[in-house]
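Asks: run14.csv is reproduced in full below (CSV, C-alpha atoms).
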chain,number,residue,atom,x,y,z
A,1,MET,CA,-53.2,-206.2,86.2
A,2,ASP,CA,-55.6,-205.6,83.3
A,3,THR,CA,-58.9,-206.8,84.8
A,4,LYS,CA,-60.9,-205.9,81.6
A,5,ALA,CA,-58.7,-208.2,79.6
A,6,LEU,CA,-59.3,-211.0,82.1
A,7,LYS,CA,-63.0,-210.4,82.0
A,8,LEU,CA,-63.0,-210.4,78.2
A,9,THR,CA,-61.1,-213.7,78.2
A,10,ALA,CA,-63.7,-215.3,80.6
A,11,ILE,CA,-66.5,-214.2,78.3
A,12,ALA,CA,-64.8,-215.4,75.1
A,13,ALA,CA,-64.2,-218.8,76.6
A,14,THR,CA,-68.0,-219.3,76.6
A,15,MET,CA,-68.8,-218.0,73.2
A,16,LEU,CA,-67.8,-220.7,70.8
A,17,ASP,CA,-68.6,-224.4,71.2
A,18,GLY,CA,-65.4,-226.5,71.3
A,19,PHE,CA,-63.1,-223.5,71.8
A,20,VAL,CA,-61.5,-223.6,75.3
A,21,PRO,CA,-58.7,-221.1,75.4
A,22,THR,CA,-55.6,-222.1,77.4
A,23,SER,CA,-53.5,-218.9,76.7
A,24,TRP,CA,-54.3,-215.3,76.3
A,25,THR,CA,-52.2,-212.3,75.3
A,26,PRO,CA,-53.4,-208.6,75.4
A,27,LEU,CA,-53.3,-206.8,72.1
A,28,PRO,CA,-53.2,-203.1,71.2
A,29,PRO,CA,-56.7,-201.8,71.4
A,30,LEU,CA,-57.0,-199.9,68.1
A,31,ASP,CA,-60.6,-198.5,68.3
A,32,ALA,CA,-62.1,-201.6,69.8
A,33,GLY,CA,-61.5,-200.8,73.5
A,34,VAL,CA,-60.1,-204.1,74.7
A,35,ARG,CA,-58.6,-206.9,72.6
A,36,VAL,CA,-57.1,-210.3,73.5
A,37,LEU,CA,-55.4,-213.0,71.5
A,38,LEU,CA,-56.7,-216.4,72.7
A,39,GLY,CA,-55.4,-219.9,71.9
A,40,ASP,CA,-56.4,-223.4,72.7
A,41,GLY,CA,-53.4,-225.2,71.3
A,42,GLU,CA,-55.0,-225.8,67.9
A,43,GLN,CA,-56.3,-222.4,66.8
A,44,GLN,CA,-56.0,-218.7,67.8
A,45,LEU,CA,-58.9,-216.2,67.9
A,46,VAL,CA,-59.1,-212.6,68.7
A,47,ALA,CA,-61.7,-211.4,71.3
A,48,SER,CA,-62.7,-207.7,71.2
A,49,ALA,CA,-64.9,-205.7,73.6
A,50,GLN,CA,-66.3,-202.4,72.3
A,51,ILE,CA,-66.2,-200.7,75.7
A,52,GLN,CA,-66.0,-197.2,74.3
A,53,LEU,CA,-69.6,-197.2,72.9
A,54,ASP,CA,-72.3,-199.6,71.9
A,55,ARG,CA,-71.6,-200.7,68.3
A,56,THR,CA,-73.6,-203.8,68.0
A,57,ALA,CA,-75.2,-202.7,64.8
A,58,ASP,CA,-71.8,-202.0,63.3
A,59,ILE,CA,-70.5,-205.4,64.2
A,60,GLY,CA,-73.6,-207.0,62.7
A,61,SER,CA,-73.0,-205.1,59.5
A,62,ALA,CA,-69.4,-206.3,59.4
A,63,ALA,CA,-70.6,-209.9,59.8
A,64,GLU,CA,-72.9,-209.5,56.8
A,65,ALA,CA,-70.2,-207.7,54.8
A,66,GLY,CA,-67.8,-210.6,55.5
A,67,ARG,CA,-70.2,-213.0,54.0
A,68,ILE,CA,-70.6,-210.8,50.9
A,69,TYR,CA,-66.9,-210.5,50.5
A,70,GLU,CA,-66.6,-214.3,50.6
A,71,ALA,CA,-69.2,-214.5,47.8
A,72,MET,CA,-67.8,-211.7,45.6
A,73,TYR,CA,-64.0,-212.2,46.1
A,74,PRO,CA,-63.3,-216.0,46.4
A,75,HIS,CA,-59.9,-215.6,44.7
A,76,ALA,CA,-58.8,-212.3,46.3
A,77,ASP,CA,-55.1,-211.9,47.2
A,78,PHE,CA,-56.1,-210.4,50.6
A,79,VAL,CA,-58.3,-211.5,53.5
A,80,TRP,CA,-60.9,-209.7,55.7
A,81,PRO,CA,-62.4,-210.2,59.2
A,82,ARG,CA,-64.4,-213.4,59.6
A,83,LEU,CA,-66.6,-213.1,62.6
A,84,ARG,CA,-66.9,-216.4,64.5
A,85,ALA,CA,-69.2,-215.3,67.4
A,86,ILE,CA,-70.9,-212.2,68.8
A,87,THR,CA,-72.6,-211.5,72.1
A,88,GLU,CA,-73.6,-208.6,74.3
A,89,VAL,CA,-72.9,-208.1,78.1
A,90,ASP,CA,-74.5,-205.8,80.6
A,91,ALA,CA,-73.1,-202.3,81.0
A,92,ASP,CA,-71.9,-203.0,84.6
A,93,PHE,CA,-69.7,-205.9,83.4
A,94,PHE,CA,-67.1,-203.4,82.0
A,95,ASP,CA,-68.4,-200.4,83.9
A,96,THR,CA,-69.7,-198.7,80.8
A,97,SER,CA,-72.8,-196.5,80.2
A,98,SER,CA,-74.4,-199.0,77.8
A,99,PRO,CA,-74.2,-202.7,77.0
A,100,THR,CA,-70.9,-203.9,75.5
A,101,THR,CA,-70.6,-205.8,72.3
A,102,VAL,CA,-68.0,-208.7,72.4
A,103,THR,CA,-66.8,-210.4,69.3
A,104,LEU,CA,-64.7,-213.5,68.5
A,105,SER,CA,-63.0,-213.6,65.1
A,106,ASP,CA,-60.1,-215.0,63.2
A,107,PRO,CA,-56.8,-213.1,63.5
A,108,LEU,CA,-55.7,-211.0,60.5
A,109,PRO,CA,-52.2,-211.5,59.0
A,110,GLY,CA,-49.6,-208.7,59.0
A,111,ALA,CA,-49.9,-205.5,61.0
A,112,PRO,CA,-51.9,-202.3,60.5
A,113,LEU,CA,-50.0,-199.5,58.7
A,114,GLY,CA,-50.1,-197.1,61.6
A,115,ASP,CA,-48.6,-193.7,61.2
A,116,VAL,CA,-46.0,-194.7,58.6
A,117,PRO,CA,-47.1,-194.1,55.1
A,118,ILE,CA,-46.5,-196.6,52.3
A,119,ALA,CA,-43.3,-195.4,50.6
A,120,ASP,CA,-42.3,-198.5,48.6
A,121,THR,CA,-43.8,-199.2,45.2
A,122,ALA,CA,-44.4,-202.9,46.0
A,123,ARG,CA,-47.0,-202.2,48.7
A,124,ALA,CA,-48.4,-199.3,46.8
A,125,SER,CA,-49.1,-201.5,43.9
A,126,SER,CA,-50.5,-204.2,46.1
A,127,LEU,CA,-53.0,-201.8,47.6
A,128,ALA,CA,-54.0,-200.6,44.2
A,129,GLN,CA,-54.6,-204.2,43.1
A,130,ALA,CA,-56.7,-204.9,46.2
A,131,LEU,CA,-58.9,-201.9,45.5
A,132,ALA,CA,-59.2,-202.7,41.8
A,133,THR,CA,-60.5,-206.2,42.9
A,134,LEU,CA,-63.0,-204.6,45.3
A,135,HIS,CA,-64.3,-202.2,42.7
A,136,SER,CA,-64.6,-204.8,39.9
A,137,ALA,CA,-67.3,-206.9,41.5
A,138,ALA,CA,-71.0,-206.6,40.5
A,139,PRO,CA,-72.9,-204.3,42.9
A,140,GLU,CA,-76.1,-206.4,43.1
A,141,PRO,CA,-75.0,-208.6,46.1
A,142,VAL,CA,-74.2,-205.5,48.1
A,143,SER,CA,-77.4,-203.7,47.3
A,144,ASP,CA,-79.6,-206.8,47.7
A,145,ALA,CA,-78.2,-207.3,51.2
A,146,GLY,CA,-79.5,-203.9,52.2
A,147,PHE,CA,-76.2,-201.9,52.2
A,148,PRO,CA,-76.4,-198.3,51.1
A,149,VAL,CA,-76.3,-197.4,47.4
A,150,GLU,CA,-75.1,-194.0,46.3
A,151,ASP,CA,-75.6,-193.2,42.6
A,152,PRO,CA,-73.4,-190.4,41.0
A,153,SER,CA,-76.0,-187.7,41.4
A,154,ARG,CA,-76.3,-188.5,45.1
A,155,SER,CA,-72.5,-188.5,45.5
A,156,GLN,CA,-72.3,-185.1,43.8
A,157,PHE,CA,-75.2,-183.7,46.0
A,158,LEU,CA,-73.6,-184.8,49.2
A,159,ILE,CA,-70.3,-183.1,48.3
A,160,LEU,CA,-72.1,-179.9,47.2
A,161,GLU,CA,-73.9,-179.9,50.5
A,162,ARG,CA,-70.6,-180.0,52.4
A,163,LEU,CA,-69.3,-177.2,50.2
A,164,ASP,CA,-72.3,-175.0,50.9
A,165,GLN,CA,-72.0,-175.7,54.7
A,166,ALA,CA,-68.3,-174.7,54.6
A,167,ALA,CA,-69.0,-171.6,52.5
A,168,SER,CA,-71.6,-170.4,55.0
A,169,THR,CA,-68.9,-170.3,57.7
A,170,GLY,CA,-67.1,-167.5,55.9
A,171,ARG,CA,-63.8,-169.1,56.6
A,172,VAL,CA,-63.1,-170.6,53.2
A,173,PRO,CA,-61.0,-168.5,50.7
A,174,SER,CA,-63.0,-167.4,47.7
A,175,SER,CA,-60.4,-168.8,45.3
A,176,LEU,CA,-60.8,-172.3,46.8
A,177,LEU,CA,-64.6,-172.0,46.7
A,178,GLN,CA,-64.5,-171.0,43.0
A,179,HIS,CA,-62.1,-173.8,42.2
A,180,TRP,CA,-64.3,-176.4,43.8
A,181,GLU,CA,-67.5,-175.0,42.3
A,182,GLU,CA,-65.9,-175.1,38.8
A,183,GLU,CA,-65.0,-178.8,39.4
A,184,PHE,CA,-68.6,-179.7,40.2
A,185,GLU,CA,-69.8,-178.0,37.1
A,186,LYS,CA,-67.8,-180.4,34.9
A,187,VAL,CA,-70.6,-182.8,33.9
A,188,ALA,CA,-68.3,-185.5,32.5
A,189,LEU,CA,-66.5,-185.8,35.9
A,190,TRP,CA,-69.6,-187.2,37.5
A,191,HIS,CA,-70.5,-189.7,34.8
A,192,PHE,CA,-69.5,-193.0,36.3
A,193,LEU,CA,-70.9,-196.4,37.5
A,194,ALA,CA,-71.0,-196.9,41.2
A,195,THR,CA,-69.2,-200.0,42.4
A,196,PRO,CA,-68.8,-201.9,45.7
A,197,ILE,CA,-66.3,-199.9,47.8
A,198,HIS,CA,-64.6,-200.6,51.1
A,199,GLY,CA,-65.7,-197.2,52.5
A,200,SER,CA,-63.5,-197.0,55.6
A,201,LEU,CA,-59.9,-197.1,54.6
A,202,ASP,CA,-57.4,-195.7,57.1
A,203,GLU,CA,-54.2,-196.6,58.9
A,204,THR,CA,-55.9,-199.1,61.1
A,205,SER,CA,-57.8,-201.0,58.4
A,206,VAL,CA,-54.9,-201.8,56.0
A,207,TYR,CA,-52.8,-204.7,57.1
A,208,THR,CA,-49.4,-205.4,55.4
A,209,ASP,CA,-46.1,-207.1,55.7
A,210,GLN,CA,-43.0,-205.7,54.2
A,211,GLU,CA,-44.0,-206.6,50.7
A,212,ARG,CA,-47.8,-206.4,50.1
A,213,VAL,CA,-51.2,-205.8,51.5
A,214,LEU,CA,-52.4,-208.9,53.4
A,215,ALA,CA,-55.8,-207.9,54.8
A,216,LEU,CA,-58.5,-205.2,54.9
A,217,ALA,CA,-60.3,-204.7,58.2
A,218,GLU,CA,-63.3,-202.5,59.2
A,219,ILE,CA,-65.4,-203.7,56.3
A,220,GLY,CA,-68.8,-202.7,57.9
A,221,ARG,CA,-69.0,-199.6,55.7
A,222,LEU,CA,-69.3,-201.7,52.5
A,223,ARG,CA,-71.6,-200.0,50.1
A,224,VAL,CA,-72.2,-199.2,46.4
A,225,ALA,CA,-70.7,-195.8,45.7
A,226,ASP,CA,-68.0,-193.8,43.8
A,227,PRO,CA,-64.8,-195.8,43.7
A,228,ALA,CA,-62.9,-192.5,44.0
A,229,ILE,CA,-63.9,-192.5,47.7
A,230,ASP,CA,-61.5,-195.4,48.3
A,231,LEU,CA,-58.8,-194.0,46.1
A,232,ALA,CA,-58.8,-190.7,47.9
A,233,ALA,CA,-58.7,-192.4,51.3
A,234,ALA,CA,-55.9,-194.7,50.1
A,235,SER,CA,-53.9,-191.7,48.8
A,236,ALA,CA,-53.7,-190.4,52.4
A,237,LEU,CA,-51.9,-193.6,53.4
A,238,ILE,CA,-49.2,-193.4,50.6
A,239,ASP,CA,-46.1,-191.3,50.4
A,240,PRO,CA,-46.5,-188.8,47.6
A,241,ALA,CA,-43.5,-190.3,45.8
A,242,ALA,CA,-45.3,-193.6,45.5
A,243,LEU,CA,-48.6,-192.2,44.4
A,244,PRO,CA,-47.9,-192.3,40.6
A,245,THR,CA,-47.2,-196.1,41.0
A,246,PHE,CA,-50.4,-196.5,43.0
A,247,TYR,CA,-52.6,-194.9,40.3
A,248,GLU,CA,-50.8,-196.5,37.4
A,249,GLU,CA,-51.3,-199.9,39.0
A,250,TYR,CA,-54.9,-199.2,39.7
A,251,ARG,CA,-55.4,-198.3,36.0
A,252,ASN,CA,-53.6,-201.4,34.8
A,253,SER,CA,-55.5,-203.7,37.2
A,254,ARG,CA,-58.9,-202.1,36.4
A,255,PRO,CA,-58.8,-201.0,32.7
A,256,ARG,CA,-62.5,-200.4,32.5
A,257,ALA,CA,-62.5,-197.8,35.3
A,258,ASP,CA,-64.1,-194.5,34.2
A,259,GLU,CA,-61.9,-191.9,32.7
A,260,TYR,CA,-62.2,-189.4,35.6
A,261,VAL,CA,-61.9,-191.7,38.6
A,262,ILE,CA,-58.5,-190.4,39.6
A,263,ALA,CA,-59.5,-186.7,39.0
A,264,ARG,CA,-62.4,-187.3,41.4
A,265,ALA,CA,-60.0,-188.9,43.9
A,266,GLU,CA,-57.8,-185.9,43.9
A,267,LEU,CA,-60.8,-183.6,44.4
A,268,LEU,CA,-62.0,-185.7,47.3
A,269,ALA,CA,-58.5,-185.7,48.8
A,270,GLU,CA,-58.6,-181.9,48.8
A,271,PHE,CA,-61.9,-182.0,50.6
A,272,ALA,CA,-60.2,-183.5,53.7
A,273,VAL,CA,-59.1,-180.0,54.6
A,274,LEU,CA,-62.7,-178.7,54.2
A,275,ASP,CA,-64.1,-181.6,56.3
A,276,TRP,CA,-61.7,-180.6,59.1
A,277,LEU,CA,-63.3,-177.1,59.2
A,278,LEU,CA,-66.8,-178.6,59.3
A,279,GLU,CA,-65.9,-180.9,62.1
A,280,ALA,CA,-64.4,-178.0,64.1
A,281,VAL,CA,-67.5,-175.9,63.6
A,282,ASP,CA,-69.7,-178.7,64.7
A,283,SER,CA,-67.7,-179.2,67.8
A,284,GLY,CA,-67.9,-175.6,68.8
A,285,ASP,CA,-64.1,-175.4,69.3
A,286,GLY,CA,-63.1,-171.9,68.3
A,287,THR,CA,-59.4,-172.7,68.4
A,288,ALA,CA,-59.9,-175.7,66.1
A,289,VAL,CA,-62.0,-173.5,63.7
A,290,ASP,CA,-59.2,-171.0,63.5
A,291,ASP,CA,-56.6,-173.7,62.9
A,292,ALA,CA,-58.7,-175.2,60.1
A,293,ALA,CA,-59.2,-171.8,58.6
A,294,GLU,CA,-55.5,-171.2,58.7
A,295,LEU,CA,-54.9,-174.5,57.0
A,296,LEU,CA,-57.4,-173.6,54.2
A,297,ASN,CA,-55.7,-170.3,53.7
A,298,SER,CA,-52.3,-172.0,53.4
A,299,PHE,CA,-53.7,-174.5,51.0
A,300,ASN,CA,-55.2,-171.7,49.0
A,301,ASP,CA,-51.8,-170.0,48.8
A,302,VAL,CA,-50.2,-173.2,47.6
A,303,LEU,CA,-52.8,-173.6,44.8
A,304,PHE,CA,-53.2,-170.0,43.7
A,305,GLY,CA,-50.8,-167.8,45.6
A,306,GLY,CA,-47.0,-167.3,45.8
A,307,SER,CA,-45.7,-169.8,43.3
A,308,ALA,CA,-47.4,-168.2,40.3
A,309,ASP,CA,-46.3,-164.7,41.4
A,310,GLU,CA,-42.7,-165.8,42.0
A,311,ASN,CA,-42.4,-167.5,38.6
A,312,ALA,CA,-43.8,-164.6,36.7
A,313,SER,CA,-41.6,-162.1,38.5
A,314,ALA,CA,-38.5,-164.2,37.9
A,315,GLU,CA,-39.2,-164.2,34.1
A,316,ALA,CA,-40.2,-160.5,33.8
A,317,PRO,CA,-37.6,-157.7,33.6
A,318,ALA,CA,-37.4,-155.6,36.7
A,319,ALA,CA,-38.5,-152.5,34.7
A,320,ASP,CA,-41.7,-154.3,33.7
A,321,SER,CA,-42.9,-155.0,37.3
A,322,ALA,CA,-46.3,-153.5,36.7
A,323,ALA,CA,-46.9,-155.7,33.6
A,324,GLY,CA,-45.6,-158.6,35.5
A,325,SER,CA,-48.2,-158.1,38.2
A,326,ALA,CA,-50.9,-158.4,35.6
A,327,ASP,CA,-49.3,-161.5,34.2
A,328,ASP,CA,-49.4,-163.0,37.7
A,329,GLU,CA,-53.1,-162.7,37.9
A,330,SER,CA,-53.5,-164.3,34.5
A,331,SER,CA,-51.3,-167.2,35.4
A,332,ARG,CA,-53.3,-167.8,38.5
A,333,ASP,CA,-56.5,-168.0,36.5
A,334,GLU,CA,-55.0,-170.5,34.1
A,335,ALA,CA,-53.2,-172.6,36.7
A,336,PRO,CA,-53.8,-176.3,36.6
A,337,ARG,CA,-56.5,-177.3,39.1
A,338,GLY,CA,-56.0,-180.1,41.6
A,339,ALA,CA,-53.7,-181.7,44.0
A,340,ALA,CA,-50.9,-182.1,41.5
A,341,ALA,CA,-50.7,-178.3,41.0
A,342,ALA,CA,-50.9,-177.7,44.8
A,343,THR,CA,-48.0,-180.1,45.6
A,344,ALA,CA,-45.8,-179.0,42.7
A,345,ALA,CA,-46.2,-175.4,43.8
A,346,ALA,CA,-45.4,-176.3,47.4
A,347,ALA,CA,-42.4,-178.4,46.6
A,348,THR,CA,-40.8,-176.0,44.2
A,349,ASP,CA,-41.8,-172.5,44.9
A,350,ALA,CA,-43.5,-172.3,48.3
A,351,PRO,CA,-41.6,-174.6,50.7
A,352,ASP,CA,-42.5,-172.4,53.7
A,353,VAL,CA,-46.2,-172.7,52.9
A,354,GLU,CA,-45.9,-176.5,52.5
A,355,ALA,CA,-44.2,-176.8,55.9
A,356,ALA,CA,-46.9,-174.6,57.5
A,357,ILE,CA,-49.6,-176.8,56.1
A,358,THR,CA,-47.9,-180.0,57.3
A,359,GLU,CA,-47.3,-178.7,60.8
A,360,THR,CA,-50.8,-177.2,61.1
A,361,ALA,CA,-52.8,-180.2,59.9
A,362,PRO,CA,-53.9,-182.9,62.4
A,363,ALA,CA,-52.5,-186.4,61.7
A,364,ASP,CA,-55.7,-187.6,60.0
A,365,VAL,CA,-55.9,-184.7,57.5
A,366,PHE,CA,-54.3,-185.5,54.2
A,367,ILE,CA,-52.4,-182.8,52.3
A,368,PRO,CA,-52.7,-184.0,48.6
A,369,GLY,CA,-49.5,-185.3,47.2
A,370,ALA,CA,-48.0,-185.4,43.7
A,371,GLN,CA,-50.4,-187.0,41.3
A,372,PRO,CA,-49.9,-188.6,37.9
A,373,SER,CA,-51.6,-187.3,34.8
A,374,GLU,CA,-55.1,-188.6,34.1
A,375,THR,CA,-55.2,-191.1,31.3
A,376,ALA,CA,-58.3,-192.0,29.4
A,377,SER,CA,-59.9,-195.5,29.5
A,378,ASP,CA,-63.1,-197.1,28.4
A,379,ASP,CA,-66.2,-196.5,30.5
A,380,ASP,CA,-66.9,-199.0,33.2
A,381,ALA,CA,-69.7,-200.6,31.1
A,382,GLU,CA,-69.6,-203.9,32.8
A,383,PHE,CA,-68.1,-205.5,35.9
A,384,ASP,CA,-65.3,-208.1,36.1
A,385,SER,CA,-66.7,-210.7,38.4
A,386,GLU,CA,-69.9,-212.3,39.6
A,387,PRO,CA,-71.1,-213.5,43.0
A,388,GLY,CA,-69.6,-216.9,43.9
A,389,SER,CA,-70.1,-219.4,46.6
A,390,GLN,CA,-72.8,-219.8,49.3
A,391,VAL,CA,-72.3,-217.8,52.5
A,392,ARG,CA,-72.8,-218.6,56.2
A,393,THR,CA,-75.8,-217.4,58.1
A,394,GLU,CA,-75.0,-214.5,60.5
A,395,PRO,CA,-77.2,-211.8,62.0
A,396,THR,CA,-77.7,-209.0,59.5
A,397,ARG,CA,-77.7,-205.4,60.6
A,398,GLU,CA,-77.1,-202.1,58.7
A,399,SER,CA,-74.5,-199.6,59.8
A,400,ASP,CA,-71.8,-197.3,58.5
A,401,GLU,CA,-68.8,-198.4,60.6
A,402,THR,CA,-67.1,-201.2,62.4
A,403,ASP,CA,-64.0,-201.6,64.5
A,404,ASP,CA,-63.4,-205.2,63.5
A,405,GLY,CA,-59.7,-205.2,62.7
A,406,GLU,CA,-57.4,-207.7,64.4
A,407,GLU,CA,-54.0,-209.1,63.6
A,408,THR,CA,-51.6,-211.7,64.5
A,409,GLY,CA,-47.9,-211.2,65.1
A,410,TRP,CA,-48.4,-207.6,66.3
A,411,ILE,CA,-48.2,-207.9,70.1
A,412,ARG,CA,-46.6,-205.1,72.0
Please re-express this file's structure in structure tokens.

Replies:
Amino acid sequence: MDTKALKLTAIAATMLDGFVPTSWTPLPPLDAGVRVLLGDGEQQLVASAQIQLDRTADIGSAAEAGRIYEAMYPHADFVWPRLRAITEVDADFFDTSSPTTVTLSDPLPGAPLGDVPIADTARASSLAQALATLHSAAPEPVSDAGFPVEDPSRSQFLILERLDQAASTGRVPSSLLQHWEEEFEKVALWHFLATPIHGSLDETSVYTDQERVLALAEIGRLRVADPAIDLAAASALIDPAALPTFYEEYRNSRPRADEYVIARAELLAEFAVLDWLLEAVDSGDGTAVDDAAELLNSFNDVLFGGSADENASAEAPAADSAAGSADDESSRDEAPRGAAAATAAAATDAPDVEAAITETAPADVFIPGAQPSETASDDDAEFDSEPGSQVRTEPTRESDETDDGEETGWIR
């Protein structure tokens, strides 16, 4: 018998006046540690215990973010976690090394995406519409509440810092380093207005049914930053075949988005490979470092390697092989930069390389998929909506993460 679930039920029964649960059902833990669906015959609530580590500040941040969401998005087509109560119990209650945060919140509709990417255009469009809604709100309520604000220069600096750290390892191919450095030298790419962003999109935070996105969880990393951050994270959740629909719908739903937002999203998606190397180096795991370096080499081959050589040699006469070799180098220099070129090369000319990348990468590393062409639009000179209704009073705390996602109808 799961005694932790029973203990959580006992705690939750005391947290909210008028709520006396008469039924309980264990739920999949996600990142929360222990979760239970409770009911009193009139309503259902989800109790969560953060037994893996103390995340009180994260939950407090999620509670504040929930109030801001309610003010900024009163007519949104999706919902988000609404925290009803929060408490903390001593470490010995759940046999943990630190006090445990327990929350009581409304269930979320639908189910988390899990490991299955969005392949249908309906849900891809729905996710694009949800992100366009998030990014269209005025940033002042978020900044005024004390959440982080990252202006374009700060965003660019943080990425350059990661690039320098990776370069210092000596494990990043020079062609990739040159490619990324050239992208950062494009001044126009970094001219954008920061917007409210979700900041923590992954397979556990996007809740859907068979037709559309119903809820976004883990909202505690709300901040004002580059909207391309959300788009890059979302692209990892979508099948490459559905990505053109996703980007087109985002453009249509947010016509005042800056011209280069999708180009930046592609660039940030590529950086997932680089981040894996940095995480491996920080962990001191030599095997993981080697695996990450191998993945970077494979990615480099897809972007700049075999495909260009094969195309050039196929077109050149056999007698002109020396001249063809020189043409190969020229075609590499002039190849399109970005995820679209990488995937096109992998899909058409380097299937073995693509397979090697897919097999080598961990589940949470996104190999960029086929992307649509970037289309110009007006600069994001103004925002689409303004703060709305009054919000409830909850404890306010600042943090970068939360594990606040729950759902109904997803009991295994």

Asks: Out of A:Ala122, A:Met72, A:Ala65, A:Ala288, which residue has the shortest atom-to-atom distance to Trp276 (chain A) when counting all atoms listed in the file?

Replies: A:Ala288

Asks: One decimal, Å: what's the distance from CA of Ala234 (chain A) over to CA of Ser253 (chain A), could you say?

Replies: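 One can read the CA of Ala234 (chain A) to CA of Ser253 (chain A) distance as 15.7 Å.
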
Asks: I want to know what sits within 12 Å of region 106-111 of chain A, based on only C-alpha atoms, with residues of the same chain fewer than 2 positions away left out; could you give that as a ChimeraX atom specification?

Replies: /A:27-28,30,35-39,43-48,66,78-85,103-104,113-116,203-218,404-412

Asks: Quote the spacing between CA of Ala188 (chain A) and CA of Arg264 (chain A) in Å to one decimal place.

Replies: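 CA of Arg264 (chain A) lies 10.8 Å from CA of Ala188 (chain A).
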
Asks: Neighbouring residues of region 123-140 of chain A were defined as those with any atom within 7 Å, considering all atoms listed in the file; residues of the same chain fewer than 5 positions away were excluded. Please report them as JSON, numbers by chain.

Replies: {"A": [72, 118, 195, 196, 197, 211, 212, 213, 224, 227, 242, 245, 246, 249, 250, 253, 254, 383, 384, 385, 386]}

Asks: Measure the distance from CA of His191 (chain A) to CA of Ser143 (chain A) in Å and round it to one decimal.

Replies: 20.0 Å

Asks: Ranking A:Thr287, A:Pro112, A:Leu177, A:Asn297 by minimum distance to Leu201 (chain A) and counting all atoms listed in the file, which one comes first?

Replies: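 Of A:Thr287, A:Pro112, A:Leu177, A:Asn297, the one nearest Leu201 (chain A) is A:Pro112, counting all atoms listed in the file.
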
Asks: For Leu277 (chain A), find every residue with an atom within 7 Å (counting all atoms listed in the file), except residues of its own chain fewer than 5 positions away, and show them as a PDB file with C-alpha atoms, in the frame of the given file.

Replies:
ATOM      1  CA  VAL A 289     -62.000-173.500  63.700  1.00  0.00           C
ATOM      2  CA  ALA A 292     -58.700-175.200  60.100  1.00  0.00           C
ATOM      3  CA  ALA A 293     -59.200-171.800  58.600  1.00  0.00           C
TER       4      ALA A 293
END

Asks: With only C-alpha atoms as the basis for distance, which of A:Ala145, A:Leu163, A:Ala91, A:Ala228 is at the shortest distance from Asp258 (chain A)?

Replies: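 Closest candidate: A:Ala228.
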
Asks: Write out N, CA, C and O atoms for region 296-305 of chain A, as an mmCIF file, keeping the file's coordinate frame.

Replies:
data_model
loop_
_atom_site.group_PDB
_atom_site.id
_atom_site.type_symbol
_atom_site.label_atom_id
_atom_site.label_comp_id
_atom_site.auth_asym_id
_atom_site.auth_seq_id
_atom_site.Cartn_x
_atom_site.Cartn_y
_atom_site.Cartn_z
ATOM 1 N N LEU A 296 -56.777 -173.878 55.531
ATOM 2 C CA LEU A 296 -57.400 -173.600 54.200
ATOM 3 C C LEU A 296 -56.730 -172.421 53.540
ATOM 4 O O LEU A 296 -56.533 -172.439 52.323
ATOM 5 N N ASN A 297 -56.360 -171.398 54.300
ATOM 6 C CA ASN A 297 -55.700 -170.300 53.700
ATOM 7 C C ASN A 297 -54.309 -170.670 53.147
ATOM 8 O O ASN A 297 -53.903 -170.237 52.059
ATOM 9 N N SER A 298 -53.602 -171.528 53.895
ATOM 10 C CA SER A 298 -52.300 -172.000 53.400
ATOM 11 C C SER A 298 -52.464 -172.849 52.157
ATOM 12 O O SER A 298 -51.682 -172.738 51.206
ATOM 13 N N PHE A 299 -53.480 -173.703 52.151
ATOM 14 C CA PHE A 299 -53.700 -174.500 51.000
ATOM 15 C C PHE A 299 -54.106 -173.652 49.787
ATOM 16 O O PHE A 299 -53.686 -173.908 48.652
ATOM 17 N N ASN A 300 -54.877 -172.605 50.046
ATOM 18 C CA ASN A 300 -55.200 -171.700 49.000
ATOM 19 C C ASN A 300 -53.989 -170.987 48.420
ATOM 20 O O ASN A 300 -53.850 -170.802 47.203
ATOM 21 N N ASP A 301 -53.043 -170.617 49.304
ATOM 22 C CA ASP A 301 -51.800 -170.000 48.800
ATOM 23 C C ASP A 301 -50.990 -170.938 47.977
ATOM 24 O O ASP A 301 -50.372 -170.525 46.984
ATOM 25 N N VAL A 302 -50.987 -172.223 48.351
ATOM 26 C CA VAL A 302 -50.200 -173.200 47.600
ATOM 27 C C VAL A 302 -50.853 -173.350 46.177
ATOM 28 O O VAL A 302 -50.155 -173.403 45.164
ATOM 29 N N LEU A 303 -52.172 -173.429 46.127
ATOM 30 C CA LEU A 303 -52.800 -173.600 44.800
ATOM 31 C C LEU A 303 -52.793 -172.392 43.955
ATOM 32 O O LEU A 303 -52.553 -172.489 42.746
ATOM 33 N N PHE A 304 -53.005 -171.214 44.522
ATOM 34 C CA PHE A 304 -53.200 -170.000 43.700
ATOM 35 C C PHE A 304 -52.343 -168.844 44.053
ATOM 36 O O PHE A 304 -52.450 -167.800 43.436
ATOM 37 N N GLY A 305 -51.479 -168.998 45.045
ATOM 38 C CA GLY A 305 -50.800 -167.800 45.600
ATOM 39 C C GLY A 305 -49.342 -167.694 45.078
ATOM 40 O O GLY A 305 -49.056 -167.662 43.894
#
